[in-house]
Amino acid sequence: MKVIVLGAGVVGVTTAWYLAKAGHEVTVVDRQPAAAMETSFANAGQISPGFSSPWAEPALPVKVLRWMASRHAPMVVRPRIDFAMMRWIEQLLANCNMHDYDINKSRMLRIAQYSRDCLDALRKDTGITYDDGQRGLIQLFRTQKQIDHAARDMALLDQAGIAHELLSPDEITRHEPGLSENRHLFSGGLRLPGDETGDCHMFTQRLTQKAEQELGVTFHYETTIEALDASATDIFGVRTSAGRMTADAYVVSMGSYSPLLLRPLGVHLPVYPTKGYSLTLPVTDAARAPLSTVCDSTHKVSITRLGDRIRIGGTAELAGYNLRLSRDRRELLELSFSELFGASGDLSQGAYWTGLRPSTPDGTPVIGPAGRFSNLWLNTGHGTLGWTMACGSGRVLSDRMSGKRTEIPCLDLSLDRYTTT
């Protein structure tokens with residue numbers, strides 16, 4: 001088939017890669033001047049199947065009420081008249097029960113673990129590098145209550161066959177010696193040895209080059225996607241700032257902007273932007289810096305080593321499509337980093353960034369056909385885990401579009417889960 005992929009973030013580019021590997025003629029369209037210039041540009045840098053969890057957990061409503069009084073809350077809702085946000089929050093709260101949490105986390109673990117395996121195969125096949133590391137991740141618990149709460153997550157990890165181990169503070173510092181001076185701040189940690197790290201922007205741009213040079217994928221940058229032309233059952237073109245483009249099939253991978261493109265067609269995609277922030281700074285003291293990724297469970301902040309840089313990422317803010325940089329969000333990132341890793345990086349040289357994560361109420365991405373349209377496909381809604389789930393999502397969608405049997409169950413990842421009871 002001739003396929004047009006709308007969006008050149010990490011999810012769109014990996015989708016294009018696997019479609020081209022399957023023999024399709026692929027074109028990618030994006031409004032930016034290059035690949036991975038929005039949400040994929042400066043994310044937390046972790047590929048973390050074991051850390052895949054929905055925000056919608058039973059304790060979330062109480063936590064949000066408590067966070068409302070804190071300047072440095074991990075999650076912030078900016079008051080605004082926004083019916084899409086209100087509907088999304090309503091659906092999020094409906095998932096805040098243990099039954100749905102277990103189902104949603106199991107789905108997320110499945111696609112995330114598969115994606116990590118796909119990335120490993122792709123790395124071996126292409127030799128691609130991206131400041132990557134395979135040294136695991138540590139979820140750091142500052143309180144005994146956090147350790148107790150992790151017991152159910154560990155049971156789900158057992159069911160999914162994901163390696164993990166609960167560590168004491170002394171064991172943690174053997175894996176992350178940079179934490180030694182501040183070991184009094186934490187009570188334990190969950191180590192996920194199969195999790196990885198890497199620069200998503202670097203990976204996506206290098207895979208883009210390989211897709212162009214080795215597989216013949218065409219990329220149209222600085223091209224605004226304006227609308228999809230449709231009949232009752234099919235898409236027959238996409239209108240862009242460079243003119244109308246046609247194909248046999250179309251894939252929407254436009255992150256948080258996917259619902260805006262689909263809404264005029266009557267396709268209601270339950271994706272809303274959750275704004276995240278990051279700081280990227282140079283390493284100044286390698287002995288005190290992280291070796292891989294440390295996730296601060298209290299502040300919901302991840303601190304990741306990327307070569308000679310440190311990436312500090314986190315927070316979730318519901319503020320629509322607002323991309324203004326917030327001072328209090330930077331303070332939270334700096335607070336978590338300073339408490340754990342001190343002066344191992346130069347915060348004054350930190351590059352401050354924000355991006356919009358396309359989040360679903362249940363935390364699971366939307367991968368599969370788009371409603372009644374026979375040739376319209378979706379690969380979006382990955383939230384904070386687009387980098388973690390990108391390769392697996394691209395492979396699953398390519399297999400489905402090619403009429404092949406997928407290597408993992410994936411029907412419950414499609415849009416149908418919101419329309420069937």
# chains A, B, ... in the order shown; residues from 1 in each chain; ligands from 1

$ residues_around --residues "Met75 (chain A)" --least-positions-apart "4" --cutoff "8 Å" --atoms "only C-alpha atoms" --output "PyMOL selection string"
chain A and resi 64+67+315-317

$ residues_around --residues "region 289-292 of chain A" --least-positions-apart "4" --cutoff "9 Å" --atoms "only C-alpha atoms" --output "PyMOL selection string"
chain A and resi 46+133-138+175-179+196-197+283-285+303-306+310+341-345

$ write_last_selection --atoms "C-alpha atoms" --output "short mmCIF file (atom, residue, chain, number, x, y, z; two decimals), in the first residue's frame"
data_model
loop_
_atom_site.label_atom_id
_atom_site.label_comp_id
_atom_site.auth_asym_id
_atom_site.auth_seq_id
_atom_site.Cartn_x
_atom_site.Cartn_y
_atom_site.Cartn_z
CA GLN A 46 13.76 6.48 30.03
CA GLY A 133 22.23 2.60 28.24
CA GLN A 134 20.88 -0.72 29.49
CA ARG A 135 21.52 -0.45 33.23
CA GLY A 136 18.00 -0.61 34.63
CA LEU A 137 15.89 1.86 36.61
CA ILE A 138 15.36 2.44 40.32
CA HIS A 175 23.78 0.52 41.89
CA GLU A 176 23.71 4.32 42.13
CA PRO A 177 26.73 5.44 44.19
CA GLY A 178 25.88 9.08 43.50
CA LEU A 179 23.04 8.72 46.04
CA GLU A 196 16.77 1.30 29.64
CA THR A 197 17.73 4.90 28.94
CA VAL A 283 27.49 16.68 34.28
CA THR A 284 29.96 18.50 36.52
CA ASP A 285 30.83 15.69 38.97
CA ILE A 303 16.56 11.79 36.76
CA THR A 304 18.40 10.14 33.87
CA ARG A 305 21.99 10.02 32.67
CA LEU A 306 22.39 10.63 28.94
CA ILE A 310 21.58 14.71 32.95
CA PHE A 341 22.24 14.24 43.46
CA GLY A 342 23.46 17.56 44.82
CA ALA A 343 25.97 19.40 42.67
CA SER A 344 26.61 16.59 40.17
CA GLY A 345 25.18 18.77 37.40
#

$ closest_atom_pairs --of "region 228-306 of chain A" --to "region 4-26 of chain A" --cutoff "10 Å" --atoms "only C-alpha atoms" --output "tab-separated table"
residue	atom	partner	partner_atom	distance
A:Gly237	CA	A:Ile4	CA	9.6
A:Val238	CA	A:Ile4	CA	8.9
A:Met245	CA	A:Ile4	CA	8.4
A:Thr246	CA	A:Ile4	CA	7.7
A:Ala247	CA	A:Ile4	CA	6.2
A:Asp248	CA	A:Ile4	CA	8.2
A:Ala249	CA	A:Ile4	CA	6.5
A:Tyr250	CA	A:Ile4	CA	4.9
A:Val251	CA	A:Val5	CA	4.7
A:Val252	CA	A:Leu6	CA	5.0
A:Ser253	CA	A:Gly7	CA	5.1
A:Met254	CA	A:Gly7	CA	4.7
A:Gly255	CA	A:Gly7	CA	7.7
A:Tyr257	CA	A:Gly7	CA	9.6
A:Ser258	CA	A:Leu6	CA	9.1

$ residues_around --residues "Leu411 (chain A)" --least-positions-apart "3" --cutoff "12 Å" --atoms "only C-alpha atoms" --output "ChimeraX atom specification"
/A:107,111,365-369,396-397,400,405-408,414-418,420

$ write_last_selection --atoms "C-alpha atoms" --output "PDB file, in the first residue's frame"
ATOM      1  CA  ARG A 107      -2.234  -3.627  29.153  1.00  0.00           C
ATOM      2  CA  ILE A 111       2.838  -3.216  25.060  1.00  0.00           C
ATOM      3  CA  PRO A 365      -2.403   4.123  24.128  1.00  0.00           C
ATOM      4  CA  VAL A 366      -4.864   3.927  21.236  1.00  0.00           C
ATOM      5  CA  ILE A 367      -3.455   1.636  18.524  1.00  0.00           C
ATOM      6  CA  GLY A 368      -5.672   0.364  15.724  1.00  0.00           C
ATOM      7  CA  PRO A 369      -8.481   1.343  13.325  1.00  0.00           C
ATOM      8  CA  VAL A 396       1.802  -3.790  16.157  1.00  0.00           C
ATOM      9  CA  LEU A 397       0.125  -1.240  13.897  1.00  0.00           C
ATOM     10  CA  ARG A 400      -2.376  -5.077  11.643  1.00  0.00           C
ATOM     11  CA  ARG A 405      -0.975 -11.754  13.001  1.00  0.00           C
ATOM     12  CA  THR A 406       0.420  -9.558  15.765  1.00  0.00           C
ATOM     13  CA  GLU A 407       2.953 -11.015  18.178  1.00  0.00           C
ATOM     14  CA  ILE A 408       1.012  -9.803  21.233  1.00  0.00           C
ATOM     15  CA  SER A 414      -7.812   0.020  20.075  1.00  0.00           C
ATOM     16  CA  LEU A 415     -10.413   2.782  20.226  1.00  0.00           C
ATOM     17  CA  ASP A 416     -13.107   0.113  20.536  1.00  0.00           C
ATOM     18  CA  ARG A 417     -12.452  -0.241  24.272  1.00  0.00           C
ATOM     19  CA  TYR A 418     -14.152   3.140  24.764  1.00  0.00           C
ATOM     20  CA  THR A 420     -17.938  -1.309  23.705  1.00  0.00           C
TER      21      THR A 420
END

$ select_by_dssp --residues "region 306-344 of chain A" --states "helix (DSSP H, G or I)" --output "VMD selection string"
chain A and resid 327 to 341

$ atom_distance --atom1 "CA of Ser187 (chain A)" --atom2 "CA of Arg71 (chain A)"
24.5 Å

$ atom_distance --atom1 "CA of Ile147 (chain A)" --atom2 "CA of Pro58 (chain A)"
16.3 Å

$ atom_distance --atom1 "CA of Asp30 (chain A)" --atom2 "CA of Pro264 (chain A)"
19.8 Å
